[in-house]
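File shown: target25.cif. Contents: mmCIF, C-alpha atoms and all ligand atoms.
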data_input
loop_
_atom_site.label_atom_id
_atom_site.label_comp_id
_atom_site.auth_asym_id
_atom_site.auth_seq_id
_atom_site.Cartn_x
_atom_site.Cartn_y
_atom_site.Cartn_z
CA MET A 344 8.85 16.15 -28.30
CA ARG A 345 8.16 12.48 -28.00
CA TRP A 346 8.11 12.42 -24.24
CA ALA A 347 5.48 13.96 -22.04
CA ALA A 348 6.20 17.63 -21.91
CA THR A 349 6.49 18.52 -18.28
CA ALA A 350 6.76 22.09 -17.23
CA TRP A 351 8.42 23.01 -14.01
CA ALA A 352 5.92 22.92 -11.23
CA ALA A 353 6.74 25.29 -8.47
CA VAL A 354 8.21 25.56 -5.66
CA SER A 355 11.53 26.76 -4.52
CA ILE A 356 11.34 26.91 -0.79
CA ALA A 357 12.62 30.26 0.33
CA ALA A 358 15.69 30.05 2.44
CA SER A 359 16.18 32.25 5.45
CA THR A 360 17.12 35.82 4.82
CA MET A 361 20.22 35.43 6.94
CA PRO A 362 23.26 36.90 5.23
CA ILE A 363 25.88 34.48 4.00
CA CYS A 364 29.32 34.28 5.57
CA ALA A 365 32.56 35.26 3.86
CA ALA A 366 33.28 36.81 0.51
CA ALA A 367 33.21 33.41 -1.22
CA ALA A 368 30.11 31.56 -0.13
CA THR A 369 29.00 27.94 -0.30
CA LEU A 370 25.50 27.01 -1.31
CA ARG A 371 23.92 23.61 -0.93
CA ILE A 372 21.00 22.95 -3.25
CA ARG A 373 18.58 20.06 -2.97
CA VAL A 374 16.29 19.04 -5.80
CA LEU A 375 13.24 16.92 -5.01
CA ASP A 376 10.29 15.75 -7.01
CA LEU A 377 6.76 16.67 -5.99
CA ALA A 378 6.57 13.62 -3.75
CA GLY A 379 9.70 14.75 -1.93
CA ARG A 380 12.02 12.14 -3.42
CA PRO A 381 15.54 13.30 -4.32
CA LEU A 382 16.18 13.83 -8.02
CA LYS A 383 19.53 12.55 -9.24
CA ASP A 384 21.29 14.25 -12.16
CA ALA A 385 19.23 17.41 -11.96
CA VAL A 386 21.11 20.49 -13.08
CA VAL A 387 21.34 23.60 -10.90
CA TYR A 388 23.03 26.89 -11.66
CA ALA A 389 23.34 30.29 -10.04
CA VAL A 390 23.50 33.31 -12.33
CA PRO A 391 24.99 36.43 -10.72
CA ASP A 392 23.57 39.86 -11.50
CA SER A 393 27.01 41.32 -11.97
CA PRO A 394 28.97 40.01 -14.96
CA VAL A 395 31.09 36.94 -14.35
CA PRO A 396 34.80 37.45 -14.94
CA SER A 397 35.64 35.59 -18.13
CA THR A 398 37.94 32.62 -17.91
CA LYS A 399 39.85 30.64 -20.48
CA PRO A 400 37.37 28.43 -22.35
CA ARG A 401 37.22 24.91 -21.00
CA THR A 402 36.68 21.61 -22.77
CA ALA A 403 34.10 19.14 -21.52
CA ILE A 404 33.72 15.56 -22.74
CA ILE A 405 30.57 13.74 -23.79
CA ASP A 406 31.61 10.24 -24.75
CA GLN A 407 29.85 7.54 -26.78
CA VAL A 408 29.96 4.21 -24.98
CA HIS A 409 27.93 1.09 -25.86
CA ARG A 410 25.62 3.14 -28.07
CA GLN A 411 24.81 5.60 -25.30
CA PHE A 412 26.06 9.05 -24.44
CA ALA A 413 28.14 9.27 -21.28
CA PRO A 414 27.19 11.29 -19.37
CA GLN A 415 23.64 11.72 -20.58
CA VAL A 416 23.04 14.90 -18.60
CA ASN A 417 25.60 17.67 -18.92
CA VAL A 418 26.03 21.31 -17.98
CA VAL A 419 28.69 23.75 -19.16
CA GLN A 420 29.30 27.48 -19.15
CA VAL A 421 28.69 29.44 -22.35
CA GLY A 422 31.82 29.36 -24.49
CA THR A 423 32.86 25.85 -23.45
CA TYR A 424 34.11 23.38 -26.03
CA VAL A 425 32.67 19.87 -25.95
CA ASP A 426 34.63 16.93 -27.25
CA PHE A 427 32.89 13.77 -28.54
CA PRO A 428 35.63 11.12 -28.40
CA ASN A 429 33.52 8.08 -29.47
CA SER A 430 34.91 5.23 -27.40
CA ASP A 431 32.72 2.80 -29.35
CA ASN A 432 34.80 3.15 -32.49
CA ILE A 433 31.79 2.49 -34.71
CA LEU A 434 29.99 5.23 -36.58
CA HIS A 435 27.85 7.66 -34.63
CA SER A 436 26.20 10.68 -36.16
CA VAL A 437 25.42 13.10 -33.36
CA TYR A 438 22.95 15.84 -34.08
CA SER A 439 21.02 18.64 -32.42
CA PHE A 440 18.15 20.72 -33.74
CA SER A 441 17.93 22.79 -30.59
CA PRO A 442 17.97 26.57 -31.14
CA ALA A 443 20.87 26.97 -28.71
CA LYS A 444 23.05 24.93 -31.09
CA THR A 445 22.23 23.15 -34.31
CA PHE A 446 24.77 20.69 -35.64
CA VAL A 447 25.46 17.28 -37.13
CA LEU A 448 28.72 15.64 -36.16
CA ARG A 449 29.80 12.48 -37.92
CA LEU A 450 31.98 10.42 -35.61
CA TYR A 451 33.58 7.94 -37.96
CA ALA A 452 35.47 4.95 -36.65
CA GLY A 453 39.17 5.64 -36.51
CA ARG A 454 38.93 9.43 -36.61
CA THR A 455 38.66 12.25 -34.17
CA GLU A 456 36.63 15.37 -34.72
CA PRO A 457 37.46 18.79 -33.34
CA PRO A 458 35.39 19.79 -30.30
CA ILE A 459 32.28 21.91 -30.77
CA ARG A 460 31.96 25.29 -29.08
CA PHE A 461 28.67 26.08 -27.38
CA ASP A 462 28.33 29.82 -27.53
CA LYS A 463 24.68 30.45 -26.64
CA PRO A 464 22.82 29.66 -23.43
CA GLY A 465 19.99 27.14 -23.68
CA ILE A 466 19.06 23.48 -23.56
CA VAL A 467 20.65 21.34 -26.25
CA VAL A 468 19.06 17.94 -26.83
CA MET A 469 21.27 15.56 -28.78
CA GLY A 470 20.51 12.33 -30.57
CA CYS A 471 22.27 10.01 -33.00
CA GLN A 472 21.04 9.60 -36.55
CA ILE A 473 22.09 5.96 -36.51
CA HIS A 474 21.02 4.73 -33.07
CA ASP A 475 17.56 5.30 -31.64
CA SER A 476 18.83 4.51 -28.16
CA MET A 477 21.06 7.54 -27.90
CA ILE A 478 19.98 10.78 -26.25
CA ALA A 479 21.81 13.37 -24.20
CA TRP A 480 21.13 16.79 -22.77
CA LEU A 481 23.49 19.70 -22.45
CA LEU A 482 22.57 22.82 -20.51
CA VAL A 483 24.62 25.78 -21.62
CA VAL A 484 24.47 28.33 -18.81
CA ASN A 485 25.60 31.89 -18.40
CA THR A 486 27.61 31.32 -15.24
CA PRO A 487 30.56 29.36 -13.88
CA TYR A 488 28.47 28.34 -10.85
CA PHE A 489 26.67 25.15 -11.76
CA GLY A 490 26.42 21.50 -10.80
CA LYS A 491 24.55 18.23 -11.08
CA THR A 492 22.82 16.56 -8.16
CA GLY A 493 24.03 13.27 -6.78
CA ALA A 494 21.90 10.31 -5.73
CA ASP A 495 20.76 12.22 -2.64
CA GLY A 496 19.40 15.00 -4.86
CA SER A 497 21.88 17.56 -3.61
CA VAL A 498 24.86 19.44 -4.91
CA VAL A 499 27.15 22.08 -3.44
CA LEU A 500 28.14 25.22 -5.31
CA ARG A 501 31.29 26.83 -3.97
CA HIS A 502 33.17 30.10 -4.19
CA LEU A 503 30.15 32.26 -4.96
CA ARG A 504 31.15 35.90 -4.76
CA VAL A 505 29.10 38.45 -2.92
CA GLY A 506 26.17 39.63 -5.00
CA HIS A 507 22.68 38.80 -6.13
CA TYR A 508 21.99 35.46 -7.75
CA ARG A 509 19.15 33.87 -9.61
CA VAL A 510 19.31 30.15 -8.91
CA HIS A 511 17.60 27.72 -11.31
CA ALA A 512 17.03 23.98 -11.37
CA TRP A 513 16.31 21.74 -14.32
CA ASP A 514 15.57 18.07 -14.78
CA VAL A 515 15.33 15.89 -17.87
CA GLY A 516 12.03 16.37 -19.64
CA MET A 517 11.59 20.02 -18.68
CA ARG A 518 11.36 22.37 -21.64
CA LYS A 519 13.06 25.09 -19.65
CA ALA A 520 14.63 25.59 -16.28
CA SER A 521 12.60 26.48 -13.19
CA PRO A 522 11.84 30.13 -12.44
CA PRO A 523 14.62 31.71 -10.46
CA HIS A 524 15.07 31.51 -6.77
CA ASN A 525 16.47 34.93 -5.91
CA LEU A 526 19.35 34.75 -3.51
CA PRO A 527 21.44 37.59 -2.12
CA ILE A 528 24.89 36.61 -0.95
CA VAL A 529 26.40 39.11 1.41
CA ALA A 530 29.56 39.02 3.45
CA GLY A 531 29.40 37.24 6.80
CA ALA A 532 26.76 34.48 6.97
CA PRO A 533 26.92 30.67 7.33
CA PRO A 534 26.54 28.37 4.32
CA ARG A 535 22.94 27.60 3.63
CA GLN A 536 20.64 25.36 1.71
CA ILE A 537 17.84 25.92 -0.73
CA THR A 538 15.45 23.30 -2.04
CA PHE A 539 13.68 23.00 -5.37
CA ARG A 540 10.67 20.85 -5.98
CA LEU A 541 10.29 19.87 -9.61
CA LYS A 542 7.73 17.93 -11.51
CA ALA A 543 10.17 15.33 -12.76
CA GLY A 544 10.04 14.39 -16.43
CA ARG A 545 10.08 10.80 -17.53
CA MET A 546 13.24 9.61 -19.23
CA PRO A 547 12.40 9.33 -22.93
CA GLN A 548 13.39 6.15 -24.67
CA HIS A 549 14.46 7.70 -27.95
CA GLY A 550 16.40 10.58 -29.36
CA PRO A 551 14.85 13.93 -30.17
CA THR A 552 12.46 13.94 -33.08
CA MET A 553 13.47 15.82 -36.13
CA PRO A 554 11.72 16.34 -39.42
CA GLY A 555 12.20 13.39 -41.75
CA MET A 556 14.32 11.52 -39.26
CA SER A 557 11.81 9.97 -36.95
CA ALA A 558 12.88 6.59 -35.72
CA HIS A 559 9.49 5.18 -36.61
CA HIS A 560 9.23 6.72 -40.00
CA GLY A 561 8.45 3.83 -42.29
CA MET A 562 9.22 3.83 -45.98
CA MET B 815 30.34 -9.05 -64.38
CA PRO B 816 29.03 -5.84 -62.86
CA ILE B 817 26.64 -4.03 -65.13
CA ARG B 818 27.02 -0.28 -65.04
CA PRO B 819 24.15 2.07 -65.69
CA ARG B 820 24.13 3.00 -69.34
CA PRO B 821 26.23 6.04 -70.15
CA VAL B 822 24.22 9.16 -70.70
CA THR B 823 24.93 10.61 -74.10
CA GLY B 824 23.77 13.17 -76.61
CA LEU B 825 20.06 13.76 -77.01
CA ARG B 826 19.15 11.30 -74.28
CA VAL B 827 20.56 13.58 -71.60
CA LEU B 828 17.32 15.42 -71.03
CA THR B 829 15.25 12.34 -70.39
CA ALA B 830 17.93 10.33 -68.66
CA VAL B 831 18.64 12.92 -65.98
CA SER B 832 15.01 12.89 -65.03
CA MET B 833 14.22 9.78 -63.10
CA LEU B 834 10.51 10.58 -63.30
CA ALA B 835 10.53 10.93 -67.04
CA ALA B 836 12.15 7.53 -67.35
CA SER B 837 10.11 5.67 -64.79
CA VAL B 838 6.68 7.18 -65.29
CA SER B 839 6.43 7.46 -69.03
CA GLY B 840 8.42 4.35 -69.81
CA ALA B 841 8.70 5.98 -73.21
CA SER B 842 12.46 6.13 -73.18
CA ALA B 843 14.08 3.56 -75.40
CA HIS B 844 16.36 2.58 -72.50
CA PRO B 845 14.64 2.98 -69.13
CA SER B 846 17.05 2.68 -66.26
CA LEU B 847 17.31 -0.50 -64.23
CA TYR B 848 15.72 1.46 -61.40
CA ALA B 849 12.73 2.35 -63.56
CA GLN B 850 12.44 -1.22 -64.83
CA MET B 851 12.28 -2.55 -61.29
CA GLY B 852 9.32 -0.25 -60.67
CA GLY B 853 11.01 2.87 -59.34
CA THR B 854 10.95 4.15 -55.79
CA LYS B 855 7.56 2.62 -54.97
CA VAL B 856 8.77 -0.94 -55.58
CA VAL B 857 12.39 -0.55 -54.47
CA ALA B 858 11.46 1.16 -51.19
CA ALA B 859 8.99 -1.66 -50.55
CA PHE B 860 11.42 -4.56 -51.05
CA VAL B 861 14.19 -2.71 -49.21
CA SER B 862 11.88 -2.14 -46.26
CA VAL B 863 10.89 -5.79 -45.91
CA THR B 864 14.47 -6.90 -46.45
CA ILE B 865 15.83 -4.68 -43.67
CA ASP B 866 13.02 -5.72 -41.32
CA GLN B 867 13.78 -9.37 -41.92
CA VAL B 868 17.54 -8.99 -41.54
CA ALA B 869 17.07 -6.98 -38.34
CA ALA B 870 14.77 -9.70 -36.97
CA ASP B 871 17.08 -12.61 -37.80
CA PRO B 872 19.33 -13.55 -34.87
CA LYS B 873 21.98 -14.90 -37.24
CA LEU B 874 22.15 -11.65 -39.19
CA ASN B 875 21.20 -8.85 -36.85
CA GLN B 876 24.07 -8.44 -34.38
CA SER B 877 25.14 -5.18 -36.05
CA PHE B 878 21.61 -3.77 -35.98
CA ARG B 879 21.33 -3.30 -32.22
CA ASP B 880 19.60 0.04 -31.46
CA VAL B 881 19.78 1.01 -35.12
CA ASN B 882 17.25 3.42 -36.61
CA LEU B 883 15.84 1.12 -39.30
CA GLY B 884 13.84 3.91 -40.94
CA ARG B 885 17.03 5.70 -41.81
CA VAL B 886 18.76 2.58 -43.15
CA LYS B 887 15.76 1.86 -45.40
CA ARG B 888 15.64 5.41 -46.69
CA GLU B 889 19.36 5.66 -47.34
CA LEU B 890 19.65 2.20 -48.87
CA THR B 891 16.78 2.97 -51.23
CA SER B 892 18.46 6.18 -52.27
CA TYR B 893 21.77 4.36 -52.71
CA ILE B 894 20.16 1.74 -54.95
CA CYS B 895 18.42 4.50 -56.89
CA GLN B 896 21.78 6.11 -57.62
CA LEU B 897 23.47 2.79 -58.38
CA ALA B 898 20.72 1.61 -60.73
CA GLY B 899 20.55 4.82 -62.74
CA GLY B 900 17.42 6.17 -61.10
CA GLY B 901 18.81 9.68 -61.06
CA CYS B 902 19.09 10.08 -57.27
CA LYS B 903 22.05 11.63 -55.57
CA TYR B 904 22.95 9.52 -52.55
CA THR B 905 23.57 11.85 -49.62
CA GLY B 906 24.04 9.20 -46.93
CA ILE B 907 27.26 8.10 -45.33
CA PRO B 908 29.83 6.32 -47.53
CA ILE B 909 29.32 2.54 -47.46
CA ARG B 910 32.71 1.70 -46.01
CA GLU B 911 32.40 4.28 -43.20
CA VAL B 912 28.94 3.04 -42.25
CA HIS B 913 29.95 -0.58 -41.86
CA ALA B 914 33.38 -0.04 -40.30
CA ASN B 915 33.96 -2.12 -37.15
CA LEU B 916 30.42 -3.50 -37.17
CA GLY B 917 31.92 -6.99 -37.48
CA ILE B 918 29.70 -8.05 -40.38
CA THR B 919 30.65 -11.50 -41.63
CA GLN B 920 30.62 -12.81 -45.18
CA ALA B 921 27.84 -15.19 -44.19
CA GLN B 922 25.77 -12.24 -43.01
CA PHE B 923 26.44 -10.40 -46.25
CA PHE B 924 25.12 -13.34 -48.24
CA GLY B 925 22.27 -13.73 -45.78
CA LEU B 926 21.14 -10.21 -46.59
CA VAL B 927 21.58 -10.76 -50.32
CA GLN B 928 19.51 -13.94 -50.05
CA ILE B 929 16.63 -12.11 -48.41
CA LEU B 930 16.92 -9.24 -50.87
CA ARG B 931 16.79 -11.64 -53.81
CA ARG B 932 13.66 -13.29 -52.49
CA GLN B 933 11.95 -10.00 -51.72
CA MET B 934 12.70 -8.65 -55.18
CA ARG B 935 11.08 -11.74 -56.64
CA LEU B 936 8.03 -11.35 -54.40
CA HIS B 937 7.81 -7.74 -55.57
CA HIS B 938 7.71 -8.92 -59.20
CA VAL B 939 11.15 -7.75 -60.22
CA SER B 940 12.20 -9.76 -63.27
CA LEU B 941 15.02 -12.29 -63.05
CA ARG B 942 17.12 -10.19 -65.37
CA ASP B 943 16.67 -7.06 -63.24
CA ARG B 944 17.33 -8.99 -60.03
CA ASN B 945 20.58 -10.25 -61.41
CA GLN B 946 21.54 -6.83 -62.64
CA LEU B 947 21.04 -5.24 -59.23
CA LEU B 948 22.87 -8.03 -57.43
CA ALA B 949 25.75 -7.63 -59.87
CA LEU B 950 25.91 -3.97 -58.93
CA LEU B 951 25.87 -4.74 -55.21
CA ALA B 952 28.34 -7.62 -55.22
CA PRO B 953 31.49 -5.47 -55.59
CA LEU B 954 30.56 -3.68 -52.34
CA GLU B 955 31.31 -6.77 -50.27
CA PRO B 956 34.82 -5.62 -49.24
CA ASP B 957 33.33 -2.34 -47.99
CA VAL B 958 30.77 -4.12 -45.83
CA VAL B 959 32.33 -7.38 -44.62
CA ASP B 960 34.80 -7.30 -41.74
CA VAL B 961 35.89 -3.69 -42.27
CA LYS B 962 38.37 -2.99 -39.48
CA VAL B 963 39.48 0.50 -38.61
CA GLY B 964 41.90 1.20 -35.77
CA PRO B 965 41.11 3.51 -32.87
CA PRO B 966 41.81 7.17 -33.49
CA PRO B 967 45.08 8.60 -32.22
CA ARG B 968 44.40 10.36 -28.92
CA THR B 969 44.75 14.08 -29.27
CA HIS B 970 43.45 15.21 -25.91
C1 LIG C 1 25.70 -4.40 -50.66
C2 LIG C 1 25.29 -4.46 -49.46
C3 LIG C 1 24.95 -3.28 -48.57
C4 LIG C 1 24.70 -1.98 -48.88
C5 LIG C 1 24.65 -1.32 -50.25
C6 LIG C 1 24.42 -1.31 -47.63
C7 LIG C 1 24.09 0.04 -47.54
C8 LIG C 1 23.81 0.69 -46.37
C9 LIG C 1 23.39 2.06 -46.27
C10 LIG C 1 23.16 2.98 -47.45
C11 LIG C 1 23.23 2.35 -44.97
C12 LIG C 1 22.79 3.69 -44.35
C13 LIG C 1 23.83 4.76 -44.44
C14 LIG C 1 23.47 6.02 -43.68
O1 LIG C 1 22.89 5.90 -42.60
O2 LIG C 1 23.77 7.12 -44.18
C15 LIG C 1 23.56 1.15 -44.22
C16 LIG C 1 23.53 1.03 -42.85
C17 LIG C 1 23.71 -0.14 -42.18
N1 LIG C 1 24.00 -1.37 -42.71
FE1 LIG C 1 24.32 -1.76 -44.64
N2 LIG C 1 24.53 -2.20 -46.60
C18 LIG C 1 24.85 -3.42 -47.13
C19 LIG C 1 25.03 -4.59 -46.46
C20 LIG C 1 24.87 -4.74 -45.11
C21 LIG C 1 24.94 -6.00 -44.40
C22 LIG C 1 25.25 -7.34 -45.05
C23 LIG C 1 24.72 -5.72 -43.08
C24 LIG C 1 24.65 -6.65 -41.92
C25 LIG C 1 24.17 -7.88 -41.98
C26 LIG C 1 24.52 -4.29 -42.97
C27 LIG C 1 24.28 -3.63 -41.78
C28 LIG C 1 24.05 -2.27 -41.70
C29 LIG C 1 23.81 -1.60 -40.44
C30 LIG C 1 23.78 -2.24 -39.07
C31 LIG C 1 23.59 -0.27 -40.74
C32 LIG C 1 23.27 0.86 -39.76
C33 LIG C 1 24.43 1.18 -38.92
C34 LIG C 1 25.15 2.37 -39.37
O3 LIG C 1 24.66 3.09 -40.24
O4 LIG C 1 26.25 2.60 -38.83
N3 LIG C 1 24.60 -3.74 -44.20
N4 LIG C 1 23.91 0.17 -45.10
CU CU C 2 25.08 6.32 -32.54
#

Here is the file; what I need is its structure written in the form of structure tokens.
Ligand code: HEM
Ligand SMILES: [Cu+2]
Amino acid sequence: MRWAATAWAAVSIAASTMPICAAAATLRIRVLDLAGRPLKDAVVYAVPDSPVPSTKPRTAIIDQVHRQFAPQVNVVQVGTYVDFPNSDNILHSVYSFSPAKTFVLRLYAGRTEPPIRFDKPGIVVMGCQIHDSMIAWLLVVNTPYFGKTGADGSVVLRHLRVGHYRVHAWDVGMRKASPPHNLPIVAGAPPRQITFRLKAGRMPQHGPTMPGMSAHHGM
Amino acid sequence: MPIRPRPVTGLRVLTAVSMLAASVSGASAHPSLYAQMGGTKVVAAFVSVTIDQVAADPKLNQSFRDVNLGRVKRELTSYICQLAGGGCKYTGIPIREVHANLGITQAQFFGLVQILRRQMRLHHVSLRDRNQLLALLAPLEPDVVDVKVGPPPRTH
């Protein structure tokens, strides 16, 4: 890893033990850094203990625009297809060496490639073999309940069924998601809020390092 | 006239397929152009300086924004090795695909060639070898200059 490896650093503030209202509950999650500032584009997801009913696989889009990925931070459920449409219409060569999914995808000008299916949970870091500037993250999570925080550091997860959940938060630069915040959702309680405090990682300036493909590898 | 690497025939097969045998021993009656230029050590060196200079030249470098120069140097060296009979197998991206829609002008093409020519000379490549390599590169101009490819048909 070229950027400072930052582990999660504590603390999910325990919410009240009040039961949550209705069979389909709403959960507001805030993600702050250690100084209490809201973290934008942090990923949160709530994994239920009971298996999630399977749905038809979806397709998400990670575009290539002005030699950047858009969006840079992404989250999908396991089994989702991701399309890389390449709006730049110059060559990009997207790759990942992450254990959750290893691939190289040549996006030639004037061609489309079939979407890639992400079938294992984990953090996928993507770069471009051609352009040092390009980096993107994709969290592949084992649940349909996920989201990305807005500028105020918060996000709302809706329609959570009754059950026990492990809620995690993740921000760019973290090797893995935070430890779980355990959350029971029972019938008949008001919506509620939980807060994560993360040691925020610095945005790296370059794509992921891979053997023999370092951007600064001279001849 | 483009000069092709000599055809590999008969008893010379064993030595010709081995780039090392040709470039290190120099014993072959017909060392490849690549070996004559000094092999990977010399070619990688003049390619590296050439790419650095092109990427630093405001008149030439518009296509190089954010580009991983290490990769271009490595792949271009390997491409030249293959082209000049050095025995490499180029595994990079086809030349036309790489340069498509980069908007490279003819002037920029000759700008690069100019720098390459000078760097070969500074790396003690003989005039004859310089001309041979440039003759091999010249036919690639249509695959580099102003290659326009339309947007893909939308499928989703
Ligand atoms: C005969 C001339 C040329 C040859 C043989 C050549 C060959 C190559 C090769 C082998 C690569 C790397 C392919 C890969 O990454 O797999 C490359 C990339 C590149 N070349 Fe050239 N090139 C030539 C001329 C030029 C010129 C004149 C320019 C611009 C002034 C240029 C700009 C670039 C750029 C910007 C890249 C990296 C972008 C990308 O790979 O999409 N090239 N070239
Ligand atoms: Cu790219």

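For the atom pair formed by CA of His474 (chain A) and CA of Lys873 (chain B), the distance is 20.1 Å, given to one decimal.
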
Wanna dump the chain B-ligand LIG 1 (chain C) contacts at 9 Å for me, each residue with its shortest atom pair and the distance in Å to one decimal, counting only C-alpha atoms and all ligand atoms, ordered by chain and number, as a tab-separated table?
residue	atom	partner	partner_atom	distance
B:Ile865	CA	C:LIG1	C27	8.7
B:Val868	CA	C:LIG1	C25	6.7
B:Ala869	CA	C:LIG1	C25	8.0
B:Lys873	CA	C:LIG1	C25	8.7
B:Leu874	CA	C:LIG1	C25	5.1
B:Asn875	CA	C:LIG1	C25	6.0
B:Gln876	CA	C:LIG1	C25	7.6
B:Ser877	CA	C:LIG1	C30	4.4
B:Phe878	CA	C:LIG1	C30	4.1
B:Arg879	CA	C:LIG1	C30	7.4
B:Asp880	CA	C:LIG1	C33	9.0
B:Val881	CA	C:LIG1	C32	5.8
B:Asn882	CA	C:LIG1	C32	7.3
B:Leu883	CA	C:LIG1	C32	7.4
B:Arg885	CA	C:LIG1	O1	5.9
B:Val886	CA	C:LIG1	C12	4.3
B:Lys887	CA	C:LIG1	C12	7.3
B:Arg888	CA	C:LIG1	C12	7.7
B:Glu889	CA	C:LIG1	C10	4.7
B:Leu890	CA	C:LIG1	C10	3.9
B:Thr891	CA	C:LIG1	C10	7.4
B:Ser892	CA	C:LIG1	C10	7.5
B:Tyr893	CA	C:LIG1	C10	5.6
B:Ile894	CA	C:LIG1	C5	7.2
B:Tyr904	CA	C:LIG1	C10	8.3
B:Thr905	CA	C:LIG1	O2	7.2
B:Gly906	CA	C:LIG1	O2	3.5
B:Ile907	CA	C:LIG1	O2	3.8
B:Pro908	CA	C:LIG1	C13	6.9
B:Ile909	CA	C:LIG1	C7	5.8
B:Arg910	CA	C:LIG1	C7	8.9
B:Glu911	CA	C:LIG1	O4	7.7
B:Val912	CA	C:LIG1	O4	4.4
B:His913	CA	C:LIG1	O4	5.7
B:Ala914	CA	C:LIG1	O4	7.7
B:Leu916	CA	C:LIG1	C30	7.0
B:Gly917	CA	C:LIG1	C24	8.5
B:Ile918	CA	C:LIG1	C24	5.5
B:Thr919	CA	C:LIG1	C25	7.4
B:Gln920	CA	C:LIG1	C22	7.7
B:Ala921	CA	C:LIG1	C22	8.3
B:Gln922	CA	C:LIG1	C25	4.8
B:Phe923	CA	C:LIG1	C22	3.5
B:Phe924	CA	C:LIG1	C22	6.8
B:Gly925	CA	C:LIG1	C22	7.1
B:Leu926	CA	C:LIG1	C22	5.2
B:Val927	CA	C:LIG1	C22	7.3
B:Leu948	CA	C:LIG1	C1	8.2
B:Leu950	CA	C:LIG1	C1	8.3
B:Leu951	CA	C:LIG1	C1	4.6
B:Ala952	CA	C:LIG1	C1	6.2
B:Pro953	CA	C:LIG1	C1	7.7
B:Leu954	CA	C:LIG1	C1	5.2
B:Glu955	CA	C:LIG1	C1	6.1
B:Asp957	CA	C:LIG1	C1	8.3
B:Val958	CA	C:LIG1	C19	5.8
B:Val959	CA	C:LIG1	C22	7.1

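Coordinates place CA of Asn485 (chain A) at a distance of 15.6 Å from CA of Ala403 (chain A).
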
Taking only C-alpha atoms and all ligand atoms into account, which residues are within 7 Å of ligand CU 2 (chain C), as a PDB file with C-alpha atoms, keeping the file's coordinate frame?
ATOM      1  CA  ARG A 410      25.620   3.140 -28.070  1.00  0.00           C
ATOM      2  CA  LEU A 434      29.990   5.230 -36.580  1.00  0.00           C
ATOM      3  CA  HIS A 435      27.850   7.660 -34.630  1.00  0.00           C
ATOM      4  CA  SER A 436      26.200  10.680 -36.160  1.00  0.00           C
ATOM      5  CA  VAL A 437      25.420  13.100 -33.360  1.00  0.00           C
ATOM      6  CA  CYS A 471      22.270  10.010 -33.000  1.00  0.00           C
ATOM      7  CA  GLN A 472      21.040   9.600 -36.550  1.00  0.00           C
ATOM      8  CA  ILE A 473      22.090   5.960 -36.510  1.00  0.00           C
ATOM      9  CA  HIS A 474      21.020   4.730 -33.070  1.00  0.00           C
ATOM     10  CA  MET A 477      21.060   7.540 -27.900  1.00  0.00           C
TER      11      MET A 477
END

Legend entry - Exercise: Leu930 (chain B) partners within 8 Å, only C-alpha atoms, chain neighbours under 3 positions left out, as a PyMOL selection string: chain B and resi 860-861+864+926-927+933-934

Legend entry - Contacts of Leu947 (chain B) within 8 Å, all atoms listed in the file, excl. fewer than 4 positions in-chain, as a ChimeraX atom specification: /B:847,898,943,951

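Using all atoms listed in the file, the residues found no farther than 8 Å from Pro464 (chain A), other than those of its own chain fewer than 4 positions away, are Val421, Ala443, Leu482, Val483, Val484 and Asn485 of chain A.
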
Can those selected residues be exported to a file as a compact mmCIF listing (two decimals), in the frame of the given file so that it contains C-alpha atoms?
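Everything below was put into selection.txt:
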# COMPACT_ATOMS: atom_id res chain seq x y z
CA VAL A 421 28.69 29.44 -22.35
CA ALA A 443 20.87 26.97 -28.71
CA LEU A 482 22.57 22.82 -20.51
CA VAL A 483 24.62 25.78 -21.62
CA VAL A 484 24.47 28.33 -18.81
CA ASN A 485 25.60 31.89 -18.40

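Counting all atoms listed in the file, the residue from B:Gln850, B:Gln867, B:Asn915, B:Gln896 that sits nearest to chain A is B:Asn915.
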
Inset, instruction - Rank nothing, just name the residue among A:Gly493, A:Pro487, A:Pro523, A:Gly531 nearest to Pro394 (chain A), using all atoms listed in the file. - result: A:Pro487

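For the atom pair formed by CA of Asp426 (chain A) and CA of Ile404 (chain A), the distance is 4.8 Å, given to one decimal.
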
Inset, instruction - Between B:Thr854, B:Gln946, B:Ser862, B:Ser940, single out the one closest to chain A, counting only C-alpha atoms. - result: B:Ser862

Legend entry - Who sits within 9 Å of region 382-389 of chain A, only C-alpha atoms, same chain under 6 positions skipped, as a ChimeraX atom specification: /A:372-376,416-418,482,484-498,500,503,508-515,520,523-524,526,541,543

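Every residue within 6 Å of the file position (26.1, 27.3, -2.6), judged by all atoms listed in the file, is given as Thr369, Leu370, Arg371, Val499, Leu500 and Arg501 of chain A.
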
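Every protein or nucleic acid residue with an atom no more than 9 Å from Ala413 (chain A), counting all atoms listed in the file and leaving out same-chain residues fewer than 6 positions away, appears here: Ile404, Ile405, Asp406, Gln407 and Ala479 of chain A.
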
Legend entry - Counting all atoms listed in the file, the residue of A:Thr445, A:Ser397, A:Thr402, A:Gln420 that sits nearest chain B: A:Thr402

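For the set A:Asn525, A:Ser430, A:Thr538, A:Ser439, the residue with the smallest atom-to-atom gap to chain B is A:Ser430, counting all atoms listed in the file.
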
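Here the question is which of B:Gly899, B:Pro956, B:Gly853, B:Gly884 gets nearest to chain A using only C-alpha atoms, and that residue is B:Gly884.
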